[in-house]
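Chemist: Could you have a look at this structure, given as structure tokens, before my questions?
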Amino acid sequence: MLNKVIIIKNLIALFLFLGQGYFCFGQTQEYKIDLANSTITFKVSHMGVLTVKGEFLEFSGTLRFNEQELLSIKSSIIVESIDTKDQSRDATLKSDGYLDVKNYPLISFTSIAIQVTSSLKTIRGILKIKEVSKEIELPFQRLNKRRLNW
């Protein structure tokens, strides 16, 4: 009789353990953007003649996954970190006539929908610069399990 009780207890413990493992796989996991291996770059065409390239050196963000599915992205860019390789241009972009770093130190992006089909992968979200929020769509490509390229 004692052996039956021990066997039943062990079976219950095994089912509880396996049940917890099953539910863990379906849980949402949040990851911080890997700053050492990530960049935020941009290109702006000026009057169709000149293309200015630049990047933001400081930013942060999180990606939420459920198993292998990307659920959402939130990110913030520190506007002061803009770098176009021209200090005079950077100062102009940081001024109140453009990005107004003093009053608006952050640019943010928050996803609202992620669409993945066989031929199309897009992230739709709200980009906020200064007091202007605009819905944008970013194409992306999945490079491997956890790496995305837009």
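Here, A, B, ... name the chains of the structure tokens in the order displayed, residue numbers run from 1 inside each chain, and ligands are numbered from 1 in the same displayed order.
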Just the alpha helix (DSSP H) stuff from range 32-91 of chain A, please, per backbone DSSP, written as a PyMOL selection string.
Modeler: chain A and resi 87-91
Chemist: Do you know which residues are at most 8 Å from range 26-31 of chain A counting only C-alpha atoms, after dropping those on the same chain fewer than 6 positions away, and could you put them as an NGL selection string?
Modeler: :A and (62-67)
Chemist: Would you write out, as a Markdown table, a table of all residues in range 82-127 of chain A that have an atom no more than 10 Å from an atom of range 32-46 of chain A, listing for each the closest atom pair and the distance in Å to one decimal, considering only C-alpha atoms and ordering rows by chain and rising residue number?
Modeler:
| residue | atom | partner | partner_atom | distance |
| --- | --- | --- | --- | --- |
| A:Ile82 | CA | A:Thr41 | CA | 9.5 |
| A:Asp83 | CA | A:Thr41 | CA | 9.4 |
| A:Thr84 | CA | A:Phe42 | CA | 9.3 |
Chemist: Determine the nearest neighbour of Ile129 in chain A from the options A:Thr92, A:Gly54, A:Val79, A:Gln87, counting only C-alpha atoms.
Modeler: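 Of A:Thr92, A:Gly54, A:Val79, A:Gln87, the one nearest Ile129 in chain A, counting only C-alpha atoms, is A:Val79.
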Chemist: Measuring atom to atom with only C-alpha atoms, identify which of A:Gln68, A:Ser111, A:Val116, A:Val52 is nearest to Lys85 in chain A.
Modeler: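 When distances to Lys85 in chain A are compared using only C-alpha atoms, the smallest one comes from A:Val52.
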Chemist: Counting only C-alpha atoms, figure out which residue out of A:Asp96, A:Glu58, A:Glu137, A:Glu131 gets nearest to Ser76 in chain A.
Modeler: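 Using only C-alpha atoms, the shortest distance to Ser76 in chain A belongs to A:Glu58.
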Chemist: Could you give me, as a PyMOL selection string, the residues within 8 Å of range 103-109 of chain A, counting only C-alpha atoms and dropping anything in the same chain fewer than 5 positions from it?
Modeler: chain A and resi 73-80+125-130
Chemist: Export, as a PDB file, in the first residue's frame, the selected residues with N, CA and C atoms.
Modeler:
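Generated file (part_21.pdb):
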ATOM      1  N   ILE A  73       7.099  45.350 -30.566  1.00  0.00           N
ATOM      2  CA  ILE A  73       8.368  46.050 -30.428  1.00  0.00           C
ATOM      3  C   ILE A  73       8.085  47.419 -29.833  1.00  0.00           C
ATOM      4  N   LYS A  74       8.909  47.815 -28.890  1.00  0.00           N
ATOM      5  CA  LYS A  74       8.885  49.179 -28.345  1.00  0.00           C
ATOM      6  C   LYS A  74      10.321  49.665 -28.336  1.00  0.00           C
ATOM      7  N   SER A  75      10.527  50.906 -28.786  1.00  0.00           N
ATOM      8  CA  SER A  75      11.890  51.431 -28.763  1.00  0.00           C
ATOM      9  C   SER A  75      11.882  52.934 -28.548  1.00  0.00           C
ATOM     10  N   SER A  76      12.992  53.423 -28.024  1.00  0.00           N
ATOM     11  CA  SER A  76      13.216  54.850 -27.815  1.00  0.00           C
ATOM     12  C   SER A  76      14.598  55.201 -28.339  1.00  0.00           C
ATOM     13  N   ILE A  77      14.674  56.350 -28.989  1.00  0.00           N
ATOM     14  CA  ILE A  77      15.938  56.836 -29.524  1.00  0.00           C
ATOM     15  C   ILE A  77      16.281  58.129 -28.799  1.00  0.00           C
ATOM     16  N   ILE A  78      17.513  58.249 -28.365  1.00  0.00           N
ATOM     17  CA  ILE A  78      17.976  59.486 -27.745  1.00  0.00           C
ATOM     18  C   ILE A  78      18.425  60.411 -28.873  1.00  0.00           C
ATOM     19  N   VAL A  79      17.642  61.471 -29.079  1.00  0.00           N
ATOM     20  CA  VAL A  79      17.855  62.366 -30.209  1.00  0.00           C
ATOM     21  C   VAL A  79      19.237  63.014 -30.165  1.00  0.00           C
ATOM     22  N   GLU A  80      19.738  63.321 -28.997  1.00  0.00           N
ATOM     23  CA  GLU A  80      21.057  63.952 -28.833  1.00  0.00           C
ATOM     24  C   GLU A  80      22.161  63.120 -29.482  1.00  0.00           C
ATOM     25  N   GLY A 125       3.335  50.513 -36.878  1.00  0.00           N
ATOM     26  CA  GLY A 125       3.435  51.082 -35.553  1.00  0.00           C
ATOM     27  C   GLY A 125       3.360  52.590 -35.562  1.00  0.00           C
ATOM     28  N   ILE A 126       3.429  53.151 -34.382  1.00  0.00           N
ATOM     29  CA  ILE A 126       3.348  54.596 -34.203  1.00  0.00           C
ATOM     30  C   ILE A 126       4.753  55.138 -33.958  1.00  0.00           C
ATOM     31  N   LEU A 127       5.200  56.009 -34.845  1.00  0.00           N
ATOM     32  CA  LEU A 127       6.464  56.713 -34.699  1.00  0.00           C
ATOM     33  C   LEU A 127       6.142  58.096 -34.164  1.00  0.00           C
ATOM     34  N   LYS A 128       6.759  58.459 -33.045  1.00  0.00           N
ATOM     35  CA  LYS A 128       6.507  59.769 -32.440  1.00  0.00           C
ATOM     36  C   LYS A 128       7.801  60.574 -32.435  1.00  0.00           C
ATOM     37  N   ILE A 129       7.767  61.701 -33.154  1.00  0.00           N
ATOM     38  CA  ILE A 129       8.868  62.651 -33.193  1.00  0.00           C
ATOM     39  C   ILE A 129       8.293  63.986 -32.754  1.00  0.00           C
ATOM     40  N   LYS A 130       8.871  64.540 -31.706  1.00  0.00           N
ATOM     41  CA  LYS A 130       8.350  65.756 -31.085  1.00  0.00           C
ATOM     42  C   LYS A 130       6.910  65.475 -30.654  1.00  0.00           C
TER      43      LYS A 130
END
Chemist: To one decimal place, how far is CA of Arg124 in chain A from CA of Thr110 in chain A in Å?
Modeler: 8.6 Å
Chemist: Please determine, counting only C-alpha atoms, which residue among A:Glu69, A:Glu55, A:Glu135, A:Asp100 has the shortest atom-to-atom distance to Gln115 in chain A.
Modeler: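 Selected residue with least distance to Gln115 in chain A: A:Glu69.
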Chemist: Once DSSP has gone over the backbone, tell me which residues of range 24-88 of chain A are in strand (DSSP E or B), as an MDAnalysis selection string.
Modeler: chainID A and resid 28:32 40:46 50:56 59:66 69:78 82:83
Chemist: Since we have the selection now, will you write its residues out, keeping N, CA and C atoms, as a tab-separated table (two decimals), in the first residue's frame?
Modeler:
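Final output, result24.tsv:
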chain	number	residue	atom	x	y	z
A	28	THR	N	4.99	34.32	-23.07
A	28	THR	CA	5.63	35.43	-23.76
A	28	THR	C	6.97	35.73	-23.12
A	29	GLN	N	7.97	35.93	-23.95
A	29	GLN	CA	9.30	36.28	-23.46
A	29	GLN	C	9.67	37.64	-24.01
A	30	GLU	N	10.29	38.46	-23.18
A	30	GLU	CA	10.69	39.80	-23.59
A	30	GLU	C	12.20	39.88	-23.64
A	31	TYR	N	12.71	40.47	-24.71
A	31	TYR	CA	14.15	40.61	-24.89
A	31	TYR	C	14.50	42.07	-25.09
A	32	LYS	N	15.61	42.49	-24.53
A	32	LYS	CA	16.12	43.83	-24.79
A	32	LYS	C	16.86	43.80	-26.11
A	40	ILE	N	20.66	51.99	-35.68
A	40	ILE	CA	19.53	52.72	-36.25
A	40	ILE	C	20.14	53.73	-37.20
A	41	THR	N	19.97	53.48	-38.49
A	41	THR	CA	20.53	54.35	-39.52
A	41	THR	C	19.39	54.97	-40.32
A	42	PHE	N	19.71	56.05	-41.02
A	42	PHE	CA	18.72	56.70	-41.87
A	42	PHE	C	19.40	57.33	-43.07
A	43	LYS	N	18.59	57.58	-44.10
A	43	LYS	CA	19.01	58.31	-45.29
A	43	LYS	C	17.91	59.33	-45.59
A	44	VAL	N	18.31	60.56	-45.85
A	44	VAL	CA	17.35	61.61	-46.19
A	44	VAL	C	17.79	62.25	-47.50
A	45	SER	N	16.89	62.27	-48.46
A	45	SER	CA	17.18	62.91	-49.74
A	45	SER	C	16.92	64.40	-49.60
A	46	HIS	N	17.88	65.20	-50.02
A	46	HIS	CA	17.76	66.65	-49.95
A	46	HIS	C	17.63	67.21	-51.36
A	50	LEU	N	21.16	65.52	-53.12
A	50	LEU	CA	22.07	65.05	-52.08
A	50	LEU	C	21.34	64.08	-51.15
A	51	THR	N	21.97	62.99	-50.81
A	51	THR	CA	21.42	62.06	-49.83
A	51	THR	C	22.30	62.10	-48.59
A	52	VAL	N	21.68	62.49	-47.47
A	52	VAL	CA	22.40	62.57	-46.20
A	52	VAL	C	22.18	61.26	-45.46
A	53	LYS	N	23.26	60.63	-45.04
A	53	LYS	CA	23.19	59.40	-44.26
A	53	LYS	C	23.57	59.72	-42.82
A	54	GLY	N	22.97	58.99	-41.90
A	54	GLY	CA	23.30	59.19	-40.50
A	54	GLY	C	22.84	58.03	-39.65
A	55	GLU	N	23.08	58.17	-38.36
A	55	GLU	CA	22.65	57.14	-37.42
A	55	GLU	C	22.40	57.77	-36.06
A	56	PHE	N	21.69	57.02	-35.23
A	56	PHE	CA	21.52	57.38	-33.83
A	56	PHE	C	22.36	56.39	-33.03
A	59	PHE	N	20.12	54.25	-28.10
A	59	PHE	CA	18.71	53.86	-28.17
A	59	PHE	C	18.49	52.66	-27.28
A	60	SER	N	17.25	52.33	-27.05
A	60	SER	CA	16.90	51.15	-26.27
A	60	SER	C	15.59	50.60	-26.80
A	61	GLY	N	15.28	49.39	-26.38
A	61	GLY	CA	14.02	48.82	-26.83
A	61	GLY	C	13.85	47.39	-26.39
A	62	THR	N	12.63	46.91	-26.56
A	62	THR	CA	12.31	45.53	-26.22
A	62	THR	C	11.52	44.89	-27.35
A	63	LEU	N	11.71	43.60	-27.49
A	63	LEU	CA	10.96	42.78	-28.42
A	63	LEU	C	10.27	41.69	-27.62
A	64	ARG	N	9.00	41.47	-27.89
A	64	ARG	CA	8.26	40.41	-27.19
A	64	ARG	C	7.97	39.28	-28.19
A	65	PHE	N	8.30	38.07	-27.76
A	65	PHE	CA	8.07	36.87	-28.57
A	65	PHE	C	7.17	35.91	-27.83
A	66	ASN	N	6.39	35.15	-28.57
A	66	ASN	CA	5.65	34.02	-28.05
A	66	ASN	C	6.10	32.84	-28.89
A	69	GLU	N	7.14	33.50	-32.57
A	69	GLU	CA	6.39	34.58	-33.19
A	69	GLU	C	6.69	35.93	-32.53
A	70	LEU	N	7.02	36.93	-33.34
A	70	LEU	CA	7.24	38.28	-32.84
A	70	LEU	C	5.89	38.90	-32.54
A	71	LEU	N	5.69	39.37	-31.30
A	71	LEU	CA	4.42	39.95	-30.90
A	71	LEU	C	4.43	41.47	-30.92
A	72	SER	N	5.52	42.08	-30.45
A	72	SER	CA	5.54	43.54	-30.39
A	72	SER	C	6.96	44.06	-30.24
A	73	ILE	N	7.10	45.35	-30.57
A	73	ILE	CA	8.37	46.05	-30.43
A	73	ILE	C	8.09	47.42	-29.83
A	74	LYS	N	8.91	47.82	-28.89
A	74	LYS	CA	8.88	49.18	-28.35
A	74	LYS	C	10.32	49.66	-28.34
A	75	SER	N	10.53	50.91	-28.79
A	75	SER	CA	11.89	51.43	-28.76
A	75	SER	C	11.88	52.93	-28.55
A	76	SER	N	12.99	53.42	-28.02
A	76	SER	CA	13.22	54.85	-27.82
A	76	SER	C	14.60	55.20	-28.34
A	77	ILE	N	14.67	56.35	-28.99
A	77	ILE	CA	15.94	56.84	-29.52
A	77	ILE	C	16.28	58.13	-28.80
A	78	ILE	N	17.51	58.25	-28.36
A	78	ILE	CA	17.98	59.49	-27.74
A	78	ILE	C	18.43	60.41	-28.87
A	82	ILE	N	22.29	61.77	-32.41
A	82	ILE	CA	22.31	61.78	-33.88
A	82	ILE	C	23.73	62.05	-34.38
A	83	ASP	N	24.12	61.34	-35.44
A	83	ASP	CA	25.46	61.49	-35.98
A	83	ASP	C	25.40	61.35	-37.50
